[in-house]
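For reference, coords_18.cif is printed below; it contains mmCIF, C-alpha atoms.
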```
data_input
#
loop_
_atom_site.label_atom_id
_atom_site.label_comp_id
_atom_site.auth_asym_id
_atom_site.auth_seq_id
_atom_site.Cartn_x
_atom_site.Cartn_y
_atom_site.Cartn_z
CA MET A 35 85.56 -8.82 27.26
CA PHE A 36 88.92 -7.01 27.42
CA GLU A 37 90.84 -9.14 29.91
CA THR A 38 94.45 -8.82 30.97
CA ASN A 39 96.47 -8.43 34.16
CA LEU A 40 97.58 -4.97 33.11
CA ALA A 41 98.12 -3.80 36.67
CA TYR A 42 100.68 -6.53 37.35
CA ASP A 43 102.47 -7.42 34.10
CA LEU A 44 104.49 -4.26 33.42
CA THR A 45 108.27 -4.06 33.66
CA TRP A 46 109.80 -1.05 35.39
CA GLU A 47 110.57 0.48 31.98
CA GLN A 48 106.92 0.08 30.97
CA TRP A 49 105.79 1.56 34.29
CA ALA A 50 108.05 4.56 33.65
CA LEU A 51 106.43 5.12 30.25
CA ALA A 52 102.93 4.69 31.69
CA TRP A 53 103.68 7.20 34.47
CA LEU A 54 105.07 9.61 31.85
CA ALA A 55 101.82 9.31 29.89
CA ALA A 56 99.77 9.98 33.03
CA PHE A 57 101.96 13.00 33.85
CA VAL A 58 101.35 14.40 30.36
CA VAL A 59 97.59 13.84 30.83
CA GLY A 60 97.86 16.13 33.84
CA LEU A 61 99.76 18.75 31.82
CA ALA A 62 97.16 18.61 29.05
CA LYS A 63 94.20 18.91 31.42
CA SER A 64 95.82 21.84 33.22
CA GLY A 65 95.50 23.74 29.93
CA ILE A 66 98.61 22.89 27.90
CA LYS A 67 96.74 21.77 24.81
CA GLY A 68 98.14 20.01 21.76
CA ILE A 69 100.17 17.28 23.49
CA ALA A 70 97.56 14.51 23.56
CA ILE A 71 99.32 12.64 20.74
CA LEU A 72 102.24 11.92 23.08
CA ILE A 73 99.88 10.28 25.58
CA VAL A 74 98.12 8.29 22.89
CA ALA A 75 101.40 7.14 21.32
CA ILE A 76 102.88 5.93 24.63
CA LEU A 77 99.78 4.03 25.76
CA ALA A 78 99.24 2.51 22.31
CA LEU A 79 102.84 1.29 22.35
CA LEU A 80 102.33 -0.33 25.76
CA PHE A 81 98.82 -1.76 25.42
CA GLY A 82 97.75 -1.58 21.76
CA GLY A 83 95.65 1.02 19.98
CA LYS A 84 92.09 0.09 20.90
CA ALA A 85 92.83 -1.15 24.42
CA SER A 86 94.73 2.04 25.22
CA THR A 87 91.65 4.18 24.52
CA GLY A 88 89.81 2.53 27.40
CA ILE A 89 92.81 2.73 29.72
CA LEU A 90 93.08 6.45 29.05
CA MET A 91 89.39 7.30 29.58
CA PRO A 92 89.29 7.33 33.42
CA LEU A 93 92.49 9.41 33.55
CA LEU A 94 90.93 11.91 31.17
CA LEU A 95 87.79 12.15 33.28
CA VAL A 96 89.81 12.82 36.45
CA GLY A 97 91.63 15.61 34.62
CA ASP A 98 88.34 16.96 33.25
CA VAL A 99 86.83 17.21 36.74
CA PHE A 100 89.91 19.09 37.97
CA ALA A 101 89.92 21.43 34.96
CA VAL A 102 86.22 22.25 35.34
CA SER A 103 86.69 22.90 39.07
CA TYR A 104 89.65 25.21 38.46
CA TYR A 105 88.55 27.05 35.30
CA ASN A 106 84.75 26.83 35.59
CA ARG A 107 84.15 30.59 35.82
CA HIS A 108 85.86 31.14 32.45
CA ALA A 109 83.66 28.80 30.37
CA GLN A 110 81.94 30.39 27.35
CA TRP A 111 78.75 28.36 26.82
CA ILE A 112 77.81 29.97 23.52
CA TYR A 113 80.71 28.12 21.84
CA LEU A 114 79.88 24.86 23.61
CA ARG A 115 76.33 24.97 22.27
CA ARG A 116 77.68 25.38 18.75
CA LEU A 117 80.19 22.51 18.97
CA LEU A 118 78.68 19.87 21.28
CA PRO A 119 75.84 18.47 19.12
CA TRP A 120 78.19 17.96 16.18
CA MET A 121 80.83 16.42 18.42
CA MET A 122 78.35 13.93 19.89
CA ALA A 123 77.34 12.95 16.36
CA GLY A 124 81.00 12.40 15.57
CA VAL A 125 81.37 10.13 18.62
CA LEU A 126 78.46 7.98 17.43
CA LEU A 127 80.05 7.76 13.99
CA GLY A 128 83.32 6.68 15.61
CA VAL A 129 81.58 3.98 17.65
CA TRP A 130 80.01 2.59 14.47
CA LEU A 131 83.13 2.66 12.28
CA GLY A 132 85.77 2.13 14.94
CA LYS A 133 86.07 -1.63 14.64
CA ASP A 134 86.58 -1.68 10.87
CA LEU A 135 88.56 1.47 10.01
CA PRO A 136 92.18 0.70 8.95
CA GLU A 137 94.37 2.45 11.49
CA ALA A 138 97.00 3.54 8.95
CA VAL A 139 94.40 5.23 6.72
CA PHE A 140 92.84 6.97 9.71
CA LYS A 141 96.18 8.30 11.01
CA ARG A 142 97.35 9.68 7.68
CA GLY A 143 94.02 11.31 6.88
CA MET A 144 93.74 12.89 10.31
CA ALA A 145 97.30 14.25 10.16
CA VAL A 146 96.70 15.88 6.78
CA ILE A 147 93.45 17.50 7.98
CA ILE A 148 95.12 18.83 11.14
CA LEU A 149 98.09 20.24 9.22
CA LEU A 150 95.81 21.96 6.70
CA SER A 151 93.79 23.42 9.57
CA VAL A 152 96.92 24.75 11.28
CA VAL A 153 98.00 26.38 8.00
CA MET A 154 94.53 27.97 7.84
CA MET A 155 94.94 29.25 11.40
CA TYR A 156 98.36 30.73 10.63
CA TRP A 157 96.95 32.48 7.56
CA TRP A 158 94.04 33.78 9.66
CA ASP A 159 96.44 35.24 12.20
CA ARG A 160 98.51 36.94 9.49
CA ARG A 161 95.37 38.70 8.23
CA LYS A 162 95.01 40.40 11.62
CA SER A 163 91.25 40.36 11.14
CA GLU A 164 88.98 40.46 14.15
CA ALA A 165 86.19 38.66 12.27
CA VAL A 166 85.54 35.03 13.20
CA PRO A 167 83.78 32.40 11.08
CA ASP A 168 80.20 31.99 12.31
CA GLN A 169 78.95 29.69 9.55
CA TRP A 170 77.26 26.52 10.77
CA TRP A 171 79.44 24.34 8.55
CA PHE A 172 82.65 25.40 10.32
CA ALA A 173 81.39 24.32 13.75
CA GLY A 174 79.92 21.22 12.10
CA LEU A 175 83.19 20.22 10.42
CA MET A 176 85.29 20.79 13.54
CA GLY A 177 82.72 19.13 15.80
CA LEU A 178 82.26 16.01 13.67
CA SER A 179 86.03 15.66 13.24
CA ALA A 180 86.65 16.15 16.97
CA GLY A 181 83.94 13.67 17.98
CA PHE A 182 85.06 11.01 15.52
CA THR A 183 88.74 11.28 16.44
CA THR A 184 88.10 11.37 20.18
CA MET A 185 86.21 8.07 19.99
CA ILE A 186 88.75 6.38 17.73
CA GLY A 187 91.92 7.57 19.44
CA ASN A 188 91.27 10.28 22.07
CA LEU A 189 92.64 12.84 19.61
CA ALA A 190 89.90 15.46 19.48
CA GLY A 191 92.17 18.16 20.88
CA ALA A 192 93.58 19.30 17.55
CA PHE A 193 90.16 20.07 16.07
CA SER A 194 88.71 21.67 19.19
CA ASN A 195 91.92 23.73 19.53
CA ILE A 196 91.50 25.02 15.99
CA PHE A 197 87.85 25.91 16.64
CA PHE A 198 88.54 27.80 19.88
CA LEU A 199 91.61 29.55 18.45
CA THR A 200 89.59 30.64 15.43
CA MET A 201 87.00 32.09 17.83
CA ARG A 202 89.91 34.08 19.32
CA LEU A 203 89.21 33.04 22.90
CA PRO A 204 91.67 34.40 25.51
CA LYS A 205 93.75 31.84 27.40
CA ASN A 206 91.50 31.29 30.42
CA HIS A 207 88.29 31.32 28.34
CA PHE A 208 89.87 28.78 25.99
CA ILE A 209 90.86 26.45 28.84
CA GLY A 210 87.59 26.82 30.76
CA THR A 211 85.42 26.20 27.71
CA ALA A 212 87.51 23.21 26.62
CA ALA A 213 87.34 21.80 30.16
CA TRP A 214 83.53 21.63 30.10
CA LEU A 215 83.52 20.37 26.51
CA PHE A 216 85.68 17.36 27.30
CA LEU A 217 84.03 16.56 30.63
CA ILE A 218 80.69 16.29 28.80
CA ILE A 219 82.09 14.40 25.80
CA ASN A 220 84.21 11.95 27.80
CA THR A 221 81.24 11.19 30.05
CA PHE A 222 79.16 10.61 26.89
CA LYS A 223 81.84 8.22 25.56
CA LEU A 224 82.17 6.19 28.76
CA PRO A 225 79.23 3.76 28.24
CA PHE A 226 80.46 2.92 24.75
CA HIS A 227 83.88 1.97 26.12
CA ILE A 228 82.32 -0.19 28.84
CA PHE A 229 79.45 -1.88 27.01
CA VAL A 230 80.21 -1.69 23.27
CA TRP A 231 83.98 -1.81 22.86
CA GLU A 232 84.53 -3.36 26.33
CA THR A 233 87.87 -1.59 26.79
CA ILE A 234 87.31 -0.69 30.48
CA SER A 235 87.52 -3.47 33.08
CA PRO A 236 88.46 -3.91 36.76
CA ASP A 237 92.07 -4.52 35.67
CA THR A 238 92.26 -1.28 33.67
CA LEU A 239 90.75 0.65 36.58
CA GLN A 240 93.35 -0.80 38.94
CA LEU A 241 96.04 0.38 36.54
CA ASN A 242 94.45 3.85 36.50
CA LEU A 243 94.70 4.05 40.30
CA ARG A 244 98.43 3.36 40.14
CA LEU A 245 98.93 6.05 37.52
CA LEU A 246 96.84 8.70 39.29
CA PRO A 247 99.69 10.24 41.36
CA ALA A 248 101.66 11.00 38.19
CA GLU A 249 98.60 12.72 36.69
CA ILE A 250 98.14 14.87 39.81
CA ILE A 251 101.79 15.99 39.62
CA GLY A 252 101.24 16.89 35.95
CA LEU A 253 98.18 18.97 36.82
CA TRP A 254 100.14 20.90 39.45
CA ALA A 255 103.11 21.48 37.12
CA GLY A 256 100.89 22.64 34.26
CA ILE A 257 98.99 25.15 36.40
CA ARG A 258 102.25 26.68 37.65
CA PHE A 259 103.65 26.91 34.12
CA LEU A 260 100.57 28.55 32.61
CA LYS A 261 100.40 31.30 35.24
CA GLY A 262 103.37 32.96 33.51
CA VAL A 263 102.09 32.59 29.93
CA ARG A 264 100.44 35.58 28.22
CA ASP A 265 97.43 35.20 25.88
CA ASP A 266 99.49 35.79 22.72
CA GLN A 267 102.17 33.34 23.89
CA TYR A 268 99.50 30.75 24.69
CA ARG A 269 98.00 31.04 21.21
CA SER A 270 101.41 30.48 19.58
CA LEU A 271 102.14 27.57 21.93
CA ILE A 272 98.88 25.79 21.04
CA LEU A 273 99.43 26.27 17.30
CA LEU A 274 102.98 24.91 17.58
CA LEU A 275 102.00 21.89 19.67
CA THR A 276 99.00 21.12 17.43
CA ALA A 277 101.14 21.23 14.29
CA GLY A 278 103.80 19.09 15.96
CA SER A 279 101.17 16.53 16.91
CA ALA A 280 100.00 16.29 13.30
CA LEU A 281 103.55 15.77 12.07
CA PHE A 282 104.07 13.09 14.72
CA ILE A 283 100.99 11.23 13.48
CA LEU A 284 102.05 11.61 9.84
CA ILE A 285 105.53 10.12 10.30
CA GLY A 286 104.65 7.74 13.14
#
```

Represent the structure from my file as structure tokens, please.
Amino acid sequence: MFETNLAYDLTWEQWALAWLAAFVVGLAKSGIKGIAILIVAILALLFGGKASTGILMPLLLVGDVFAVSYYNRHAQWIYLRRLLPWMMAGVLLGVWLGKDLPEAVFKRGMAVIILLSVVMMYWWDRRKSEAVPDQWWFAGLMGLSAGFTTMIGNLAGAFSNIFFLTMRLPKNHFIGTAAWLFLIINTFKLPFHIFVWETISPDTLQLNLRLLPAEIIGLWAGIRFLKGVRDDQYRSLILLLTAGSALFILIG
């Protein structure tokens, strides 16, 4: 069982980093996509890679519930039905391989795939075509990649971002659809963290409670920021943040 006095053993510098991570969770769940790598990097630095995935899970679920409550009317279920089955399969693959996969190999491979996907998205935008890829393999590739990476490191955002951007969803439809996607997927992941990987414990939940105020502030700040962002600006912002996340993984 994952046992540590996480809620009591942090220095004030470590608490500051943990609160920053929780604040960024709030920003991400408010709709500012592409910044999950910052959260993952901070928590992995503080608690280790695998342990940090369990610490992050309850914070993600709180943000998911807020996002669904706020953006629910904008969800586009046709895209969820295309992505969810593949993403769940990717989660199961991640549960199976998670204990044995070399972290360095995983990080480099994921960064290369994300960067190539961002290049593809940029090229797609330059074409100015209104057509969107409806082949089953595209949803399958993005869904499997998103499910696998969300189980291994809570890093599904890059692949789901690419899928929704390729579908040319407007800002609120993008955020509302992603909100439901991650509420369902993170709920699906929860038993594996508790019973298989054993990365969630009473100590980690106590830590989550202490970080919750910072997440709430992040949610509020993100909502206020996004109210002034147009659809075209939002698309560019997500592409930029997603590409930056991939570079961060590659050189990290």

So what does the PyMOL selection byres ((chain A and resi 252) around 8) actually pick up in this one, as a VMD selection string? chain A and resid 56 to 61 64 248 to 251 253 to 256

Could you state which residues are captured by the PyMOL selection byres ((chain A and resi 241) around 12) in this file, as a VMD selection string? chain A and resid 38 to 44 49 52 to 53 56 77 81 86 88 to 93 234 to 240 242 to 247

Of A:Thr276, A:Thr200, A:Thr211, A:Thr233, the one sitting nearest Ala101 in chain A when using only C-alpha atoms is A:Thr211

Interatomic distance, CA of Gly97 in chain A to CA of Gly181 in chain A (Å, one decimal): 18.4 Å

For Gly83 in chain A: contacts at 9 Å, all atoms listed in the file, fewer than 4 positions along chain excluded, given as a PDB file with C-alpha atoms, in the coordinates of the input:
```pdb
ATOM      1  CA  VAL A  74      98.120   8.290  22.890  1.00  0.00           C
ATOM      2  CA  ALA A  75     101.400   7.140  21.320  1.00  0.00           C
ATOM      3  CA  LEU A  77      99.780   4.030  25.760  1.00  0.00           C
ATOM      4  CA  ALA A  78      99.240   2.510  22.310  1.00  0.00           C
ATOM      5  CA  LEU A  79     102.840   1.290  22.350  1.00  0.00           C
ATOM      6  CA  THR A  87      91.650   4.180  24.520  1.00  0.00           C
ATOM      7  CA  GLU A 137      94.370   2.450  11.490  1.00  0.00           C
ATOM      8  CA  GLY A 187      91.920   7.570  19.440  1.00  0.00           C
TER       9      GLY A 187
END
```

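Once the PyMOL selection byres ((chain A and resi 105-107) around 10) is applied to the shown structure, the selection contains Ser64, Gly65, Val99, Phe100, Ala101, Val102, Ser103, Tyr104, His108, Ala109, Gln110, Asn206, His207, Phe208, Ile209, Gly210, Thr211, Ala212, Ala213 and Trp214 of chain A.
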
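One distance worth recording is that between CA of Lys63 in chain A and CA of Leu95 in chain A, which is 9.5 Å.
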
Could you check the closest approach to Leu80 in chain A for each of A:Ala190, A:Ala62, A:Leu118, A:Leu51 and tell me which residue wins, using only C-alpha atoms? A:Leu51

Taken to one decimal, the CA of Gly191 in chain A-CA of Leu260 in chain A distance is 17.8 Å

How close does range 177-281 of chain A get to range 119-134 of chain A? List, as CSV, each residue of range 177-281 of chain A within 10 Å, its nearest atom pair and the distance in Å to one decimal, counting all atoms listed in the file.
```
residue,atom,partner,partner_atom,distance
A:Gly177,CA,A:Met121,CA,4.2
A:Leu178,CA,A:Gly124,CA,4.3
A:Ser179,CA,A:Gly124,CA,6.4
A:Ala180,CA,A:Met121,CA,6.0
A:Gly181,CA,A:Gly124,CA,4.0
A:Phe182,CA,A:Gly124,CA,4.3
A:Thr183,CA,A:Gly128,CA,7.2
A:Thr184,CA,A:Val125,CA,7.0
A:Met185,CA,A:Gly128,CA,5.4
A:Ile186,CA,A:Gly128,CA,5.8
A:Gly187,CA,A:Gly132,CA,9.4
A:Ala190,CA,A:Met121,CA,9.2
A:Ser194,CA,A:Met121,CA,9.5
A:Leu215,CA,A:Met121,CA,9.4
A:Ile218,CA,A:Met122,CA,9.5
A:Ile219,CA,A:Met122,CA,7.0
A:Asn220,CA,A:Val125,CA,9.8
A:Phe222,CA,A:Met122,CA,7.8
A:Lys223,CA,A:Val125,CA,7.2
A:Phe226,CA,A:Val129,CA,7.3
A:His227,CA,A:Val129,CA,9.0
A:Val230,CA,A:Val129,CA,8.1
A:Trp231,CA,A:Val129,CA,8.2
```

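Every protein or nucleic acid residue with an atom no more than 9 Å from range 169-172 of chain A, counting all atoms listed in the file and leaving out same-chain residues fewer than 3 positions away, appears here: Arg116, Leu175, Met176, Gly177 and Phe197 of chain A.
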
Writer output for current selection, C-alpha atoms, as a CSV table (one decimal), in the frame of the given file:
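And here is the file that came out, again_21.csv:
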```csv
chain,number,residue,atom,x,y,z
A,116,ARG,CA,77.7,25.4,18.8
A,175,LEU,CA,83.2,20.2,10.4
A,176,MET,CA,85.3,20.8,13.5
A,177,GLY,CA,82.7,19.1,15.8
A,197,PHE,CA,87.8,25.9,16.6
```

Hey, which of A:Leu273, A:Leu217, A:Ala85, A:Leu72 ends up closest to Leu114 in chain A? Count only C-alpha atoms. A:Leu217

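For the residues A:Arg202, A:Phe216, A:Val263, A:Arg115, ranking by smallest atom-to-atom distance to Ala173 in chain A using only C-alpha atoms places A:Arg115 first.
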
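Closest to Phe198 in chain A among A:Phe259, A:Phe229, A:Tyr113, A:Tyr268 is A:Tyr113, based on only C-alpha atoms.
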